[in-house]
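A.B. asks: Sending over run.csv (CSV, C-alpha atoms).
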chain,number,residue,atom,x,y,z
A,1,MET,CA,-2.2,59.7,83.3
A,2,VAL,CA,-0.5,58.0,80.5
A,3,ASN,CA,-0.7,54.3,80.2
A,4,ALA,CA,2.6,52.7,79.3
A,5,VAL,CA,2.5,50.3,76.5
A,6,SER,CA,5.1,47.7,76.6
A,7,VAL,CA,6.4,46.4,73.3
A,8,SER,CA,8.1,43.1,73.3
A,9,ALA,CA,10.9,42.6,71.0
A,10,PRO,CA,10.6,39.8,68.5
A,11,VAL,CA,12.3,36.7,69.4
A,12,ASP,CA,15.0,35.7,66.9
A,13,GLN,CA,14.5,32.2,65.6
A,14,PRO,CA,17.6,30.2,64.8
A,15,PHE,CA,18.5,30.1,61.1
A,16,SER,CA,18.5,26.5,59.9
A,17,GLY,CA,20.0,27.3,56.4
A,18,VAL,CA,17.2,25.4,54.6
A,19,ASP,CA,14.2,27.0,53.1
A,20,GLU,CA,10.9,25.7,54.3
A,21,ALA,CA,9.3,23.3,51.9
A,22,PRO,CA,6.1,24.7,50.3
A,23,SER,CA,2.9,23.2,51.4
A,24,LEU,CA,0.9,20.7,49.3
A,25,ASN,CA,-1.6,23.4,48.5
A,26,GLU,CA,1.1,25.7,47.2
A,27,ILE,CA,2.4,22.9,44.9
A,28,GLN,CA,-1.0,22.2,43.6
A,29,LEU,CA,-1.6,25.8,42.8
A,30,SER,CA,1.7,26.2,41.0
A,31,LEU,CA,0.8,23.4,38.5
A,32,PRO,CA,-0.4,24.6,35.0
A,33,VAL,CA,-4.1,24.1,34.5
A,34,GLU,CA,-4.8,22.2,31.3
A,35,GLU,CA,-7.5,23.8,29.2
A,36,PRO,CA,-9.9,21.5,27.4
A,37,SER,CA,-9.1,21.1,23.7
A,38,PRO,CA,-11.7,22.9,21.6
A,39,ALA,CA,-14.2,20.7,19.9
A,40,PRO,CA,-13.8,20.3,16.1
A,41,PRO,CA,-16.3,22.3,14.1
A,42,PRO,CA,-19.2,20.3,12.8
A,43,ILE,CA,-19.0,19.0,9.3
A,44,PRO,CA,-21.9,20.0,7.0
A,45,PRO,CA,-23.8,16.9,5.7
A,46,ALA,CA,-23.4,18.1,2.1
A,47,THR,CA,-19.6,18.0,2.5
A,48,LEU,CA,-19.7,14.5,3.9
A,49,ALA,CA,-21.9,13.4,1.0
A,50,LEU,CA,-19.5,14.9,-1.5
A,51,ALA,CA,-16.5,13.3,0.2
A,52,ALA,CA,-18.1,9.9,0.2
A,53,GLN,CA,-19.0,10.3,-3.5
A,54,ASP,CA,-15.4,11.2,-4.4
A,55,VAL,CA,-13.9,8.3,-2.4
A,56,ARG,CA,-16.2,5.8,-4.1
A,57,MET,CA,-15.4,7.2,-7.5
A,58,VAL,CA,-11.6,6.7,-6.7
A,59,LEU,CA,-12.3,3.1,-5.6
A,60,ARG,CA,-14.2,2.5,-8.9
A,61,GLU,CA,-11.2,3.8,-10.9
A,62,GLN,CA,-9.0,1.5,-8.8
A,63,SER,CA,-11.2,-1.5,-9.7
A,64,GLU,CA,-11.0,-0.5,-13.4
A,65,GLN,CA,-7.2,-0.4,-13.1
A,66,SER,CA,-7.3,-3.9,-11.6
A,67,GLN,CA,-9.3,-5.2,-14.6
A,68,LEU,CA,-6.8,-3.5,-17.0
A,69,LEU,CA,-3.9,-5.3,-15.3
A,70,THR,CA,-5.8,-8.6,-15.6
A,71,THR,CA,-6.1,-7.9,-19.4
A,72,LYS,CA,-2.4,-7.2,-19.6
A,73,LEU,CA,-1.7,-10.4,-17.7
A,74,ASN,CA,-3.7,-12.5,-20.2
A,75,ILE,CA,-1.9,-10.8,-23.2
A,76,LEU,CA,1.5,-11.6,-21.7
A,77,PHE,CA,0.6,-15.2,-21.0
A,78,VAL,CA,-0.4,-15.6,-24.6
A,79,ALA,CA,2.9,-13.9,-25.8
A,80,ASN,CA,4.9,-16.1,-23.5
A,81,GLY,CA,3.2,-19.2,-24.8
A,82,ALA,CA,3.7,-18.2,-28.4
A,83,LEU,CA,7.4,-17.6,-27.6
A,84,LEU,CA,7.7,-21.1,-26.1
A,85,THR,CA,6.0,-22.6,-29.2
A,86,SER,CA,8.3,-20.8,-31.5
A,87,LEU,CA,11.4,-22.0,-29.6
A,88,SER,CA,10.1,-25.6,-29.6
A,89,ILE,CA,9.2,-25.7,-33.2
A,90,SER,CA,12.5,-24.2,-34.4
A,91,ARG,CA,14.4,-26.6,-32.0
A,92,LEU,CA,16.4,-23.6,-30.7
A,93,LEU,CA,16.1,-24.8,-27.1
A,94,VAL,CA,17.9,-28.1,-27.9
A,95,SER,CA,20.8,-26.6,-29.9
A,96,GLY,CA,23.1,-26.7,-26.9
A,97,SER,CA,24.5,-23.2,-27.4
A,98,VAL,CA,24.8,-20.3,-25.1
A,99,PHE,CA,21.7,-18.8,-26.8
A,100,SER,CA,19.7,-21.8,-25.9
A,101,LEU,CA,20.6,-21.4,-22.2
A,102,ALA,CA,19.7,-17.7,-22.3
A,103,GLU,CA,16.3,-18.5,-24.0
A,104,ILE,CA,15.5,-21.1,-21.4
A,105,PHE,CA,16.4,-18.8,-18.6
A,106,GLY,CA,14.4,-15.9,-20.0
A,107,PHE,CA,11.3,-18.1,-20.5
A,108,LEU,CA,11.5,-19.4,-16.9
A,109,VAL,CA,12.0,-15.9,-15.5
A,110,SER,CA,9.1,-14.5,-17.5
A,111,PHE,CA,6.8,-17.4,-16.6
A,112,SER,CA,7.7,-17.1,-12.9
A,113,LEU,CA,6.9,-13.3,-13.0
A,114,LEU,CA,3.6,-14.0,-14.7
A,115,MET,CA,2.6,-16.7,-12.2
A,116,GLY,CA,3.5,-14.3,-9.4
A,117,ALA,CA,1.2,-11.7,-10.8
A,118,PHE,CA,-1.5,-14.3,-11.4
A,119,LEU,CA,-1.6,-15.8,-7.9
A,120,PRO,CA,-4.4,-14.3,-5.9
A,121,ARG,CA,-3.7,-11.8,-3.3
A,122,GLN,CA,-5.9,-10.7,-0.4
A,123,VAL,CA,-8.3,-8.0,-1.4
A,124,ALA,CA,-9.4,-5.5,1.2
A,125,VAL,CA,-13.1,-4.8,1.3
A,126,THR,CA,-15.2,-2.6,3.5
A,127,PRO,CA,-17.4,-3.0,5.5
A,128,ASN,CA,-16.2,-6.4,6.6
A,129,LEU,CA,-19.4,-8.4,6.7
A,130,GLU,CA,-17.6,-11.4,8.3
A,131,ASP,CA,-17.3,-9.3,11.5
A,132,ARG,CA,-20.4,-10.1,13.5
A,133,LYS,CA,-19.9,-7.0,15.6
A,134,PHE,CA,-20.3,-4.8,12.5
A,135,LEU,CA,-24.0,-4.2,13.0
A,136,GLU,CA,-23.7,-3.7,16.7
A,137,THR,CA,-20.8,-1.2,16.3
A,138,TYR,CA,-21.9,0.9,13.3
A,139,LEU,CA,-25.6,1.0,13.7
A,140,ALA,CA,-25.2,2.4,17.2
A,141,LEU,CA,-23.3,5.4,15.8
A,142,PRO,CA,-24.9,8.8,15.0
A,143,GLU,CA,-25.3,9.6,11.3
A,144,GLN,CA,-22.2,11.9,11.1
A,145,ASP,CA,-20.0,9.5,13.0
A,146,TYR,CA,-21.1,6.6,10.8
A,147,GLN,CA,-20.2,8.5,7.6
A,148,LEU,CA,-16.8,9.6,9.0
A,149,GLN,CA,-16.0,6.0,10.1
A,150,MET,CA,-16.9,4.7,6.6
A,151,LEU,CA,-14.7,7.3,5.0
A,152,VAL,CA,-11.8,6.2,7.1
A,153,ASN,CA,-12.5,2.5,6.2
A,154,LEU,CA,-12.7,3.3,2.5
A,155,SER,CA,-9.4,5.2,2.7
A,156,GLU,CA,-7.7,2.3,4.4
A,157,THR,CA,-9.2,-0.1,1.8
A,158,TYR,CA,-7.8,2.0,-1.1
A,159,ASN,CA,-4.3,2.1,0.4
A,160,ALA,CA,-4.3,-1.7,1.0
A,161,ASN,CA,-5.4,-2.5,-2.6
A,162,LYS,CA,-3.1,0.1,-4.0
A,163,GLN,CA,-0.1,-1.8,-2.7
A,164,ARG,CA,-1.5,-5.0,-4.2
A,165,LEU,CA,-2.0,-3.4,-7.6
A,166,GLU,CA,1.5,-1.9,-7.6
A,167,ASP,CA,3.1,-5.3,-6.9
A,168,THR,CA,1.1,-6.8,-9.8
A,169,SER,CA,2.1,-3.9,-12.1
A,170,GLN,CA,5.7,-4.3,-11.3
A,171,SER,CA,5.6,-8.1,-12.0
A,172,LEU,CA,3.9,-7.5,-15.4
A,173,LYS,CA,6.4,-4.9,-16.3
A,174,TYR,CA,9.4,-7.1,-15.6
A,175,ALA,CA,7.7,-10.0,-17.3
A,176,ALA,CA,7.2,-7.9,-20.5
A,177,TYR,CA,10.8,-6.8,-20.5
A,178,THR,CA,12.0,-10.4,-20.0
A,179,ILE,CA,9.8,-11.6,-22.9
A,180,TRP,CA,11.0,-8.9,-25.1
A,181,GLY,CA,14.7,-9.7,-24.2
A,182,THR,CA,14.1,-13.5,-24.8
A,183,THR,CA,12.5,-12.7,-28.2
A,184,ALA,CA,15.5,-10.6,-29.1
A,185,ILE,CA,17.9,-13.4,-28.1
A,186,MET,CA,15.8,-15.8,-30.2
A,187,LEU,CA,16.1,-13.6,-33.3
A,188,VAL,CA,19.8,-13.2,-32.8
A,189,HIS,CA,20.1,-17.0,-32.4
A,190,ILE,CA,18.2,-17.6,-35.7
A,191,LEU,CA,20.4,-15.0,-37.4
A,192,VAL,CA,23.6,-16.7,-36.1
A,193,ILE,CA,22.4,-20.1,-37.3
A,194,TYR,CA,21.5,-18.7,-40.7
A,195,VAL,CA,24.9,-17.1,-41.1
A,196,ALA,CA,26.7,-20.2,-40.0
A,197,THR,CA,24.7,-22.4,-42.3
A,198,GLY,CA,25.3,-20.0,-45.2
A,199,ALA,CA,29.0,-19.9,-44.5
A,200,SER,CA,29.3,-23.7,-44.4
A,201,SER,CA,27.4,-24.0,-47.7
A,202,GLY,CA,29.5,-21.4,-49.4
A,203,ILE,CA,26.7,-18.8,-49.8
A,204,PHE,CA,28.7,-16.1,-47.9
Please render this file's structure as structure tokens.
C.D. replies:
Amino acid sequence: MVNAVSVSAPVDQPFSGVDEAPSLNEIQLSLPVEEPSPAPPPIPPATLALAAQDVRMVLREQSEQSQLLTTKLNILFVANGALLTSLSISRLLVSGSVFSLAEIFGFLVSFSLLMGAFLPRQVAVTPNLEDRKFLETYLALPEQDYQLQMLVNLSETYNANKQRLEDTSQSLKYAAYTIWGTTAIMLVHILVIYVATGASSGIF
């Protein structure tokens, strides 16, 4: 006796024309998984010590450059004062000529540039001892993190002071050019007066 097996035909479902939206689990599984970034390799203590030594050496050289600019500033102040003395004694400033106006203008410009270089500017220092949280923040760091943070602070200090020194150097350079130009005008002025005096007296 053979048992009959009835097979039911699949029931056709109506076609809606819209794909079924994927479930929330399928969406979550399709997102890319971010891998954690690899930790930076540890820096040897000897390398940190050498880096700190080099940075401090550069800061010392920057301090020596600041002292050199101060010396140049003093020299230019003396030269500008000597130029004014020469113009006053020779009475070239009160001659009323075009040269006198140029000499007055040159002296004022050079003096203004020197005063701009002389005026104090904010100097960056590290660590900032005025910050009361300095001890709380830095002493809580491990040794390597403390050294790295100090290197970052020293680098920022160098960049801040570098801009200040560049501004001072530019002011001194322009002041030196102005003093030199004013001196040249003064010499030409003296030569013109000498020639005019000689021509009026019949020497030339």
A.B. asks: From the options A:Ala184, A:Leu129, A:Leu114, A:Leu151, which residue's atoms come nearest to A:Ala49, counting only C-alpha atoms?
C.D. replies: A:Leu151
A.B. asks: For a test of reading the model, state the distance in Å between atom CA of A:Leu113 and atom CA of A:Leu93, rounded to one decimal.
C.D. replies: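 Those two atoms sit 20.4 Å apart.
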A.B. asks: I'd like the neighbourhood of A:Gln65 as a list in words, where a residue qualifies if any of its atoms comes within 12 Å (using only C-alpha atoms), though same-chain residues fewer than 6 positions away should be ignored.
C.D. replies: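 Once the nearby chain positions are removed, what remains is Val58, Leu59, Thr71, Lys72, Asn161, Lys162, Arg164, Leu165, Glu166, Thr168 and Ser169 of chain A.
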A.B. asks: Do you have the atom CA of A:Thr182-atom CA of A:Gly106 distance handy?
C.D. replies: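 It comes out at 5.4 Å.
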A.B. asks: Taking into account all atoms listed in the file, which residue in the set A:Ser86, A:Gln149, A:Gln144, A:Gln122 is nearest to A:Phe107?
C.D. replies: A:Ser86
